[in-house]
Structure formats: C-alpha cells, structure tokens
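**Q** See target.cif below, with mmCIF, C-alpha atoms and all ligand atoms.
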```cif
data_coords
#
loop_
_atom_site.group_PDB
_atom_site.id
_atom_site.type_symbol
_atom_site.label_atom_id
_atom_site.label_comp_id
_atom_site.auth_asym_id
_atom_site.auth_seq_id
_atom_site.Cartn_x
_atom_site.Cartn_y
_atom_site.Cartn_z
ATOM 1 C CA MET A 1 125.311 81.378 129.198
ATOM 2 C CA SER A 2 124.056 80.011 132.534
ATOM 3 C CA GLU A 3 120.318 79.399 132.603
ATOM 4 C CA SER A 4 118.016 81.919 134.237
ATOM 5 C CA ARG A 5 115.483 80.792 136.859
ATOM 6 C CA ASP A 6 112.649 81.291 134.402
ATOM 7 C CA ILE A 7 114.212 78.981 131.825
ATOM 8 C CA GLN A 8 114.625 76.352 134.562
ATOM 9 C CA ARG A 9 110.945 76.849 135.577
ATOM 10 C CA LEU A 10 109.904 76.456 131.958
ATOM 11 C CA ARG A 11 111.754 73.142 131.641
ATOM 12 C CA LYS A 12 109.996 71.831 134.764
ATOM 13 C CA GLU A 13 106.610 73.088 133.586
ATOM 14 C CA TYR A 14 106.880 71.308 130.215
ATOM 15 C CA ALA A 15 108.136 68.121 131.892
ATOM 16 C CA SER A 16 105.008 68.095 134.064
ATOM 17 C CA ARG A 17 102.746 68.908 131.077
ATOM 18 C CA LYS A 18 104.139 65.816 129.369
ATOM 19 C CA GLN A 19 102.659 63.685 132.150
ATOM 20 C CA ARG A 20 99.177 65.198 131.699
ATOM 21 C CA THR A 21 97.427 62.947 129.204
ATOM 22 C CA ASP A 22 94.453 65.332 128.875
ATOM 23 C CA ASP A 23 96.789 67.931 127.279
ATOM 24 C CA ALA A 24 97.298 65.686 124.245
ATOM 25 C CA GLU A 25 93.521 65.510 123.714
ATOM 26 C CA LEU A 26 93.106 69.258 124.282
ATOM 27 C CA TYR A 27 95.630 70.240 121.603
ATOM 28 C CA SER A 28 94.800 67.487 119.102
ATOM 29 C CA ILE A 29 93.523 68.605 115.699
ATOM 30 C CA PHE A 30 90.861 65.889 116.133
ATOM 31 C CA ASN A 31 89.435 68.014 118.942
ATOM 32 C CA PRO A 32 86.784 70.173 117.177
ATOM 33 C CA ALA A 33 87.504 73.201 119.385
ATOM 34 C CA GLN A 34 91.218 73.051 118.590
ATOM 35 C CA LEU A 35 90.441 72.647 114.876
ATOM 36 C CA PHE A 36 88.125 75.661 115.042
ATOM 37 C CA MET A 37 90.845 77.833 116.620
ATOM 38 C CA LEU A 38 93.590 76.683 114.231
ATOM 39 C CA GLN A 39 91.423 77.232 111.158
ATOM 40 C CA ASP A 40 90.497 80.720 112.329
ATOM 41 C CA ARG A 41 94.166 81.640 112.801
ATOM 42 C CA GLU A 42 95.067 80.266 109.410
ATOM 43 C CA ARG A 43 92.238 82.102 107.629
ATOM 44 C CA LYS A 44 93.236 85.399 109.207
ATOM 45 C CA LEU A 45 96.965 84.979 108.573
ATOM 46 C CA LEU A 46 96.521 83.997 104.921
ATOM 47 C CA ALA A 47 94.206 86.981 104.406
ATOM 48 C CA CYS A 48 96.926 89.263 105.853
ATOM 49 C CA LEU A 49 99.635 87.779 103.675
ATOM 50 C CA ARG A 50 97.417 88.232 100.610
ATOM 51 C CA GLU A 51 96.994 91.895 101.581
ATOM 52 C CA TYR A 52 100.795 92.269 101.519
ATOM 53 C CA GLY A 53 100.763 90.793 98.007
ATOM 54 C CA LEU A 54 101.993 87.345 99.057
ATOM 55 C CA SER A 55 100.195 84.315 97.634
ATOM 56 C CA SER A 56 103.013 81.865 98.330
ATOM 57 C CA LEU A 57 105.999 81.888 100.673
ATOM 58 C CA SER A 58 108.167 79.969 98.215
ATOM 59 C CA GLY A 59 111.684 81.461 98.129
ATOM 60 C CA GLN A 60 111.343 83.074 101.564
ATOM 61 C CA SER A 61 113.652 82.092 104.410
ATOM 62 C CA VAL A 62 111.567 81.480 107.523
ATOM 63 C CA LEU A 63 112.337 80.760 111.184
ATOM 64 C CA GLU A 64 110.013 79.714 114.001
ATOM 65 C CA VAL A 65 111.242 80.578 117.501
ATOM 66 C CA GLY A 66 109.796 78.117 120.011
ATOM 67 C CA CYS A 67 108.685 75.582 117.385
ATOM 68 C CA GLY A 68 107.872 72.835 119.911
ATOM 69 C CA ARG A 69 106.735 69.646 118.163
ATOM 70 C CA GLY A 70 106.556 71.348 114.775
ATOM 71 C CA GLY A 71 102.776 71.767 114.418
ATOM 72 C CA ALA A 72 103.018 75.311 113.054
ATOM 73 C CA LEU A 73 106.039 74.511 110.861
ATOM 74 C CA LYS A 74 103.815 72.054 108.973
ATOM 75 C CA GLU A 75 101.420 74.912 108.232
ATOM 76 C CA TYR A 76 104.244 76.978 106.701
ATOM 77 C CA LEU A 77 105.217 74.088 104.418
ATOM 78 C CA ARG A 78 101.665 74.289 103.089
ATOM 79 C CA TYR A 79 102.146 78.025 102.501
ATOM 80 C CA GLY A 80 104.937 77.158 100.068
ATOM 81 C CA VAL A 81 108.110 77.557 102.154
ATOM 82 C CA LEU A 82 110.703 75.055 100.924
ATOM 83 C CA GLY A 83 111.912 72.575 103.554
ATOM 84 C CA LYS A 84 115.513 73.794 103.293
ATOM 85 C CA ASP A 85 114.371 77.366 103.993
ATOM 86 C CA LEU A 86 112.149 76.541 106.978
ATOM 87 C CA HIS A 87 114.055 76.650 110.275
ATOM 88 C CA GLY A 88 112.905 75.927 113.804
ATOM 89 C CA VAL A 89 114.436 76.551 117.215
ATOM 90 C CA ASP A 90 113.283 75.220 120.560
ATOM 91 C CA LEU A 91 114.700 75.139 124.045
ATOM 92 C CA LEU A 92 113.445 71.646 124.815
ATOM 93 C CA LEU A 93 115.264 68.777 123.162
ATOM 94 C CA ASP A 94 112.479 66.200 123.586
ATOM 95 C CA ARG A 95 109.943 68.437 121.812
ATOM 96 C CA LEU A 96 112.417 69.177 119.043
ATOM 97 C CA GLN A 97 113.099 65.460 118.586
ATOM 98 C CA GLU A 98 109.359 64.905 118.080
ATOM 99 C CA ALA A 99 109.378 67.682 115.470
ATOM 100 C CA HIS A 100 112.369 66.082 113.748
ATOM 101 C CA GLN A 101 110.531 62.740 113.531
ATOM 102 C CA VAL A 102 107.685 64.265 111.507
ATOM 103 C CA LEU A 103 109.775 66.847 109.648
ATOM 104 C CA PRO A 104 113.147 65.112 109.138
ATOM 105 C CA ASP A 105 114.307 67.404 106.307
ATOM 106 C CA LEU A 106 113.903 70.669 108.161
ATOM 107 C CA PRO A 107 116.874 72.434 109.788
ATOM 108 C CA LEU A 108 115.843 72.331 113.457
ATOM 109 C CA VAL A 109 118.102 73.509 116.260
ATOM 110 C CA ASN A 110 117.992 72.977 120.013
ATOM 111 C CA ALA A 111 118.743 76.440 121.391
ATOM 112 C CA ASN A 112 117.537 79.127 123.721
ATOM 113 C CA GLY A 113 115.862 81.926 121.767
ATOM 114 C CA GLU A 114 117.941 84.382 123.819
ATOM 115 C CA ALA A 115 120.972 83.396 121.730
ATOM 116 C CA LEU A 116 119.828 82.439 118.237
ATOM 117 C CA PRO A 117 122.533 80.503 116.363
ATOM 118 C CA TYR A 118 122.211 82.462 113.087
ATOM 119 C CA SER A 119 124.047 85.394 111.548
ATOM 120 C CA ASN A 120 122.576 88.879 111.376
ATOM 121 C CA GLN A 121 119.831 89.455 108.798
ATOM 122 C CA SER A 122 119.313 85.788 107.825
ATOM 123 C CA PHE A 123 115.507 85.546 107.539
ATOM 124 C CA ASP A 124 112.679 87.150 105.575
ATOM 125 C CA ILE A 125 110.055 86.002 108.081
ATOM 126 C CA ILE A 126 110.307 84.968 111.731
ATOM 127 C CA PHE A 127 107.264 83.732 113.563
ATOM 128 C CA GLN A 128 106.449 82.941 117.154
ATOM 129 C CA TYR A 129 103.248 81.211 118.198
ATOM 130 C CA THR A 130 102.607 81.173 121.982
ATOM 131 C CA ALA A 131 106.274 80.910 122.972
ATOM 132 C CA PHE A 132 106.474 84.401 124.526
ATOM 133 C CA SER A 133 103.415 83.894 126.753
ATOM 134 C CA SER A 134 105.083 80.819 128.272
ATOM 135 C CA ILE A 135 107.965 83.020 129.500
ATOM 136 C CA LEU A 136 107.390 84.941 132.736
ATOM 137 C CA ASP A 137 110.701 86.800 133.016
ATOM 138 C CA GLU A 138 110.686 90.197 131.270
ATOM 139 C CA GLN A 139 114.425 90.079 130.558
ATOM 140 C CA VAL A 140 114.187 86.707 128.796
ATOM 141 C CA LYS A 141 111.423 88.108 126.548
ATOM 142 C CA CYS A 142 113.519 91.231 125.795
ATOM 143 C CA ASN A 143 116.579 89.135 124.939
ATOM 144 C CA MET A 144 114.542 86.921 122.646
ATOM 145 C CA ALA A 145 112.905 89.848 120.842
ATOM 146 C CA GLU A 146 116.299 91.519 120.365
ATOM 147 C CA GLU A 147 117.677 88.330 118.854
ATOM 148 C CA MET A 148 114.691 87.988 116.522
ATOM 149 C CA LEU A 149 115.250 91.528 115.240
ATOM 150 C CA ARG A 150 118.967 90.863 114.815
ATOM 151 C CA VAL A 151 118.499 87.793 112.588
ATOM 152 C CA LEU A 152 115.596 89.318 110.612
ATOM 153 C CA LYS A 153 116.425 91.043 107.320
ATOM 154 C CA PRO A 154 115.625 94.736 106.933
ATOM 155 C CA ASN A 155 112.042 95.019 105.665
ATOM 156 C CA GLY A 156 111.391 91.497 107.034
ATOM 157 C CA LYS A 157 108.309 90.489 108.995
ATOM 158 C CA ILE A 158 107.719 88.978 112.406
ATOM 159 C CA ILE A 159 104.471 87.070 112.670
ATOM 160 C CA TRP A 160 103.274 87.063 116.271
ATOM 161 C CA TYR A 161 100.399 84.934 117.552
ATOM 162 C CA ASP A 162 99.905 84.839 121.287
ATOM 163 C CA PHE A 163 97.533 85.351 124.196
ATOM 164 C CA TRP A 164 96.909 88.877 125.362
ATOM 165 C CA LEU A 165 95.071 87.445 128.365
ATOM 166 C CA ASN A 166 95.193 84.004 129.927
ATOM 167 C CA PRO A 167 94.053 84.286 133.549
ATOM 168 C CA SER A 168 93.437 80.560 133.999
ATOM 169 C CA ASN A 169 97.063 79.432 133.645
ATOM 170 C CA LYS A 170 99.597 80.834 136.105
ATOM 171 C CA GLN A 171 102.464 79.328 134.104
ATOM 172 C CA THR A 172 101.735 81.711 131.246
ATOM 173 C CA LYS A 173 101.327 85.467 131.001
ATOM 174 C CA GLY A 174 99.335 87.268 128.340
ATOM 175 C CA ILE A 175 101.101 90.005 126.393
ATOM 176 C CA ARG A 176 99.288 93.211 125.531
ATOM 177 C CA SER A 177 99.830 95.512 122.572
ATOM 178 C CA GLY A 178 101.992 98.048 124.489
ATOM 179 C CA GLU A 179 104.389 95.331 125.569
ATOM 180 C CA ILE A 180 104.637 93.925 122.037
ATOM 181 C CA LYS A 181 105.522 97.390 120.704
ATOM 182 C CA ALA A 182 108.132 97.860 123.441
ATOM 183 C CA LEU A 183 109.694 94.468 122.629
ATOM 184 C CA PHE A 184 110.033 95.395 118.951
ATOM 185 C CA PRO A 185 110.732 99.145 118.952
ATOM 186 C CA ASP A 186 110.894 101.285 115.795
ATOM 187 C CA CYS A 187 108.834 98.798 113.789
ATOM 188 C CA LYS A 188 105.414 99.092 112.166
ATOM 189 C CA TYR A 189 102.629 96.859 113.442
ATOM 190 C CA ASP A 190 99.320 95.510 112.180
ATOM 191 C CA PHE A 191 97.286 94.191 115.122
ATOM 192 C CA TYR A 192 94.342 91.789 114.899
ATOM 193 C CA LYS A 193 92.445 90.436 117.883
ATOM 194 C CA ILE A 194 91.496 86.892 116.970
ATOM 195 C CA THR A 195 90.585 83.443 118.378
ATOM 196 C CA LEU A 196 87.516 82.709 120.425
ATOM 197 C CA ALA A 197 88.920 82.291 123.952
ATOM 198 C CA PRO A 198 89.748 78.576 124.378
ATOM 199 C CA PRO A 199 87.554 78.016 127.485
ATOM 200 C CA ILE A 200 84.559 79.317 125.473
ATOM 201 C CA ALA A 201 85.509 77.524 122.251
ATOM 202 C CA ARG A 202 85.823 74.238 124.149
ATOM 203 C CA ARG A 203 82.282 74.614 125.507
ATOM 204 C CA ILE A 204 80.575 75.912 122.364
ATOM 205 C CA VAL A 205 82.169 74.366 119.268
ATOM 206 C CA HIS A 206 80.895 70.839 119.881
ATOM 207 C CA ILE A 207 77.369 72.238 120.358
ATOM 208 C CA SER A 208 77.321 74.628 117.411
ATOM 209 C CA TRP A 209 80.079 75.626 115.017
ATOM 210 C CA SER A 210 77.923 78.554 113.763
ATOM 211 C CA LEU A 211 77.351 79.893 117.275
ATOM 212 C CA ALA A 212 81.105 79.734 117.878
ATOM 213 C CA HIS A 213 81.629 81.805 114.702
ATOM 214 C CA LEU A 214 79.105 84.368 115.899
ATOM 215 C CA LEU A 215 80.707 84.642 119.357
ATOM 216 C CA GLN A 216 84.133 84.940 117.796
ATOM 217 C CA ARG A 217 83.043 88.175 116.136
ATOM 218 C CA ILE A 218 82.677 89.769 119.573
ATOM 219 C CA LYS A 219 86.188 91.192 120.057
ATOM 220 C CA MET A 220 85.922 91.044 123.861
ATOM 221 C CA LEU A 221 85.788 87.258 123.575
ATOM 222 C CA ASN A 222 88.983 87.016 121.538
ATOM 223 C CA SER A 223 92.005 85.894 123.539
ATOM 224 C CA HIS A 224 94.928 86.292 121.125
ATOM 225 C CA TYR A 225 96.716 88.876 119.066
ATOM 226 C CA LEU A 226 97.894 88.133 115.586
ATOM 227 C CA VAL A 227 100.434 90.859 114.856
ATOM 228 C CA ILE A 228 102.458 91.477 111.741
ATOM 229 C CA ILE A 229 105.561 93.395 112.809
ATOM 230 C CA HIS A 230 107.464 95.105 110.004
ATOM 231 C CA LYS A 231 111.159 95.778 110.543
ATOM 232 C CA PRO A 232 112.236 99.052 108.923
ATOM 233 C CA ILE A 233 114.519 99.020 105.884
ATOM 234 C CA ARG A 234 117.401 100.990 107.423
HETATM 235 C C1 LIG A 301 103.154 76.680 123.818
HETATM 236 S S1 LIG A 301 104.507 75.972 122.984
HETATM 237 C C2 LIG A 301 104.145 76.379 121.295
HETATM 238 C C3 LIG A 301 104.833 75.513 120.294
HETATM 239 C C4 LIG A 301 104.636 75.908 118.827
HETATM 240 N N1 LIG A 301 105.007 77.282 118.603
HETATM 241 C C5 LIG A 301 103.204 75.693 118.382
HETATM 242 O O1 LIG A 301 102.468 76.657 118.183
HETATM 243 O O2 LIG A 301 102.837 74.529 118.227
HETATM 244 C C6 LIG A 301 105.828 77.102 123.379
HETATM 245 C C7 LIG A 301 107.201 76.589 122.964
HETATM 246 O O3 LIG A 301 108.136 77.653 123.167
HETATM 247 C C8 LIG A 301 109.346 77.078 123.592
HETATM 248 N N2 LIG A 301 110.157 78.100 124.274
HETATM 249 C C9 LIG A 301 109.832 78.816 125.371
HETATM 250 N N3 LIG A 301 110.840 79.621 125.735
HETATM 251 C C10 LIG A 301 111.833 79.419 124.829
HETATM 252 C C11 LIG A 301 113.143 79.956 124.680
HETATM 253 N N4 LIG A 301 113.636 80.860 125.527
HETATM 254 N N5 LIG A 301 113.880 79.524 123.640
HETATM 255 C C12 LIG A 301 113.406 78.601 122.781
HETATM 256 N N6 LIG A 301 112.179 78.043 122.885
HETATM 257 C C13 LIG A 301 111.397 78.441 123.895
HETATM 258 C C14 LIG A 301 108.905 75.962 124.529
HETATM 259 O O4 LIG A 301 109.926 75.010 124.720
HETATM 260 C C15 LIG A 301 107.695 75.404 123.770
HETATM 261 O O5 LIG A 301 108.044 74.349 122.929
#
```
For the file at hand, write its structure as structure tokens.
Ligand SMILES: C[S@@+](CC[C@H](N)C(=O)[O-])C[C@H]1O[C@@H](n2cnc3c(N)ncnc32)[C@H](O)[C@@H]1O
**A**
Amino acid sequence: MSESRDIQRLRKEYASRKQRTDDAELYSIFNPAQLFMLQDRERKLLACLREYGLSSLSGQSVLEVGCGRGGALKEYLRYGVLGKDLHGVDLLLDRLQEAHQVLPDLPLVNANGEALPYSNQSFDIIFQYTAFSSILDEQVKCNMAEEMLRVLKPNGKIIWYDFWLNPSNKQTKGIRSGEIKALFPDCKYDFYKITLAPPIARRIVHISWSLAHLLQRIKMLNSHYLVIIHKPIR
C-alpha cells in the first residue's frame, strides 16, 4: 500500500517532535501534571473494568494500536495481561524500538494500523490512546477503525482514550462522540468525559493537587473521552 499524504505528514511531525526537548519533560511521569492525568485515567479505567466484572486481565489477548514508546503497554502488564498476550503496533520504527528496549518480551510490530497484520477475531481487547487524534485524514481513521473491528473477537472491547477537543495543536484533531460512533458502527458504547484539560492541569497541579481534583469534576474542563466500545456477538 502506498502511503497517504497524512501518514507522510505524521512521520514528519513526529520527527520534529523528537527534536523538541521540552516534550520529554511535558510527558514525563516525573512531571506532576502528567502524573495527575495518568492516575486519573487509570482510576477511571479500572473502575470501568471492575463494573464489567473484570478484576484482572490475565488470560485476555490484548492489542494496542499506536503504542508509541510503550508507556500504556506497561500499564496493561500491571493489569495482569501476560507478556505473550500483549501486542503493540506502531507506524514509527524508532518509537517501536524504544518500546522494545523496555519491553523486550512483548510481540511488537512496525505496521500501519490501516492494515493490521493479524487474522480476523484475534483479540479480546484492543485499545488506542491518542493515536486517532494524531491522524487528520478521515479515510485513514476509517480504515484503522475497520481493521480494529476485524481483528477484535465478537463480544470483545475497544478501549478508547483520546481528546475530544485540542484547539492548541494543529497537528491533532479532537474526536467527538458522534464521530466515534460512526467509526465503530453497530457497537454499544459507554462514554466518560475525563482528564482535566492539559493546559489547565499544567498550571494548577503544581500549585494544588486538591484544586486540580475539584476542577476536574467540572465536565466542561475535561478534554478527553474514555470510551468502552462493545462489539456485538454476531
Ligand atoms: C500520541 S502517540 C501515543 C502513544 C501511546 N498510545 C501512548 O499513549 O503512550 C500516538 C502514536 O500513534 C501512532 N500512530 C499514528 N497513526 C498511526 C497509524 N496509522 N498506524 C500505526 N500507528 C499510528 C504514532 O506513531 C504514535 O506513536
């Protein structure tokens, strides 16, 4: 498959991000605002999984589409997924190589999510964290969603965590609930608006963790959707 313009743009964008040293600081877990946002996501996700009767993901086959350097894959190891069952795919080889360095036993593949190298109905859970918002081309997003549904087992779950609004970065595009439903038709969805918008979190968390918690409860100030998408059985 020849690469679309958007995939070429994405490669350039990540190459230029690599040069920006402030990005590393921004997304480091040692940055209190980043820690605040990650912990909030984790609390909410684990509460959801408990509601579905899951208290461990041991025995589940799991794939992350757009796994980058593997930060979120590490979280799923803590949720009990066995290394052999935890797969990751990313378009960018250098990011995947970094993931492989910290997670050498995981099956990681360098591929475009528009053509996932797995057979139909391979996974119980597929997750995507902020990969879709980095894609601007509607067709690329549609192709990726179609592929995710193809390799997901009937009754499987897609765990979606992404911006619904990100006006400050022109290289990303927030995805609203209607678009998510259109990408994954005929499914059932549980939507949660979460995450204190990063520009606010970065200003407030280092002043007061409690104030950040209070502000986070105001839904208007939440920038992301956590969505559990249930593929039907048939
Ligand atoms: C913002 S990063 C998030 C990385 C990771 N999910 C996390 O939360 O740490 C988005 C990732 O999606 C990947 N990505 C974007 N479009 C993709 C595509 N079409 N196929 C595979 N990976 C893609 C990018 O290469 C990048 O590593």
**Q** Report the distance between atom CA of Glu114 of chain A and atom CA of Glu138 of chain A in Å, rounded to one decimal place.
**A**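 Computing the Euclidean distance for atom CA of Glu114 of chain A and atom CA of Glu138 of chain A yields 11.9 Å.
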**Q** For Gln216 of chain A, find every residue with an atom within 8 Å (counting all atoms listed in the file), except residues of its own chain fewer than 4 positions away, and show them as a list in words.
**A** Ile194, Thr195, Leu196, Ala212, Leu221 and Asn222 of chain A
**Q** Running the PyMOL selection byres (((not hetatm)) within 8 of (chain A and resi 301)) on this model by hand, what would come out? Give it as a count of residues only.
**A** 35
**Q** Just the residues within 8 Å of segment 75-85 of chain A, please, counting all atoms listed in the file, with nothing from its chain fewer than 6 positions along; format it as an mmCIF file with C-alpha atoms, keeping the file's coordinate frame.
**A**
```
data_model
loop_
_atom_site.group_PDB
_atom_site.id
_atom_site.type_symbol
_atom_site.label_atom_id
_atom_site.label_comp_id
_atom_site.auth_asym_id
_atom_site.auth_seq_id
_atom_site.Cartn_x
_atom_site.Cartn_y
_atom_site.Cartn_z
ATOM 1 C CA SER A 56 103.013 81.865 98.330
ATOM 2 C CA LEU A 57 105.999 81.888 100.673
ATOM 3 C CA SER A 58 108.167 79.969 98.215
ATOM 4 C CA GLY A 59 111.684 81.461 98.129
ATOM 5 C CA GLN A 60 111.343 83.074 101.564
ATOM 6 C CA SER A 61 113.652 82.092 104.410
ATOM 7 C CA VAL A 62 111.567 81.480 107.523
ATOM 8 C CA ASP A 105 114.307 67.404 106.307
ATOM 9 C CA LEU A 106 113.903 70.669 108.161
ATOM 10 C CA PRO A 107 116.874 72.434 109.788
#
```
**Q** Go through A:Leu226, A:Leu86, A:Leu116, A:Ala182 one by one, measure the shortest atom-to-atom distance of each to Ala47 of chain A using all atoms listed in the file, and give the residue with the smallest value.
**A** A:Leu226
**Q** Which protein, DNA or RNA residues have an atom at most 12 Å from (82.8, 76.5, 124.0), counting only C-alpha atoms? List them as a PyMOL selection string.
**A** chain A and resi 31-34+36-37+195-216+221
**Q** Using Å and a single decimal, report how far atom CA of Leu49 of chain A sits from atom CA of Lys188 of chain A.
**A**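 A separation of 15.3 Å between them.
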**Q** Using only C-alpha atoms, can you tell me which of A:Glu179, A:Asn166, A:Gln171, A:Gln121 comes closest to Lys231 of chain A?
**A** A:Gln121
**Q** If I take atom CA of Ile159 of chain A and atom CA of Phe30 of chain A, how far is one from the other in Å, to one decimal?
**A**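 Taking atom CA of Ile159 of chain A as the start and atom CA of Phe30 of chain A as the end point, the length is 25.4 Å.
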**Q** Have a look at A:Leu93, A:Leu103, A:Leu63, A:Leu46 and name the one nearest to Ile126 of chain A; count all atoms listed in the file.
**A**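 Smallest separation from Ile126 of chain A among the options: A:Leu63.
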**Q** With all atoms listed in the file as the atoms that count, which of A:Leu149, A:Leu54, A:Leu38, A:Cys187 lies nearest to Asn120 of chain A?
**A**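 Of A:Leu149, A:Leu54, A:Leu38, A:Cys187, the one nearest Asn120 of chain A, counting all atoms listed in the file, is A:Leu149.
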**Q** Would you write out, as an MDAnalysis selection string, every residue that the PyMOL selection byres (((chain A and resi 191) around 6) and not hetatm) captures in this file?
**A** chainID A and resid 190 192 227
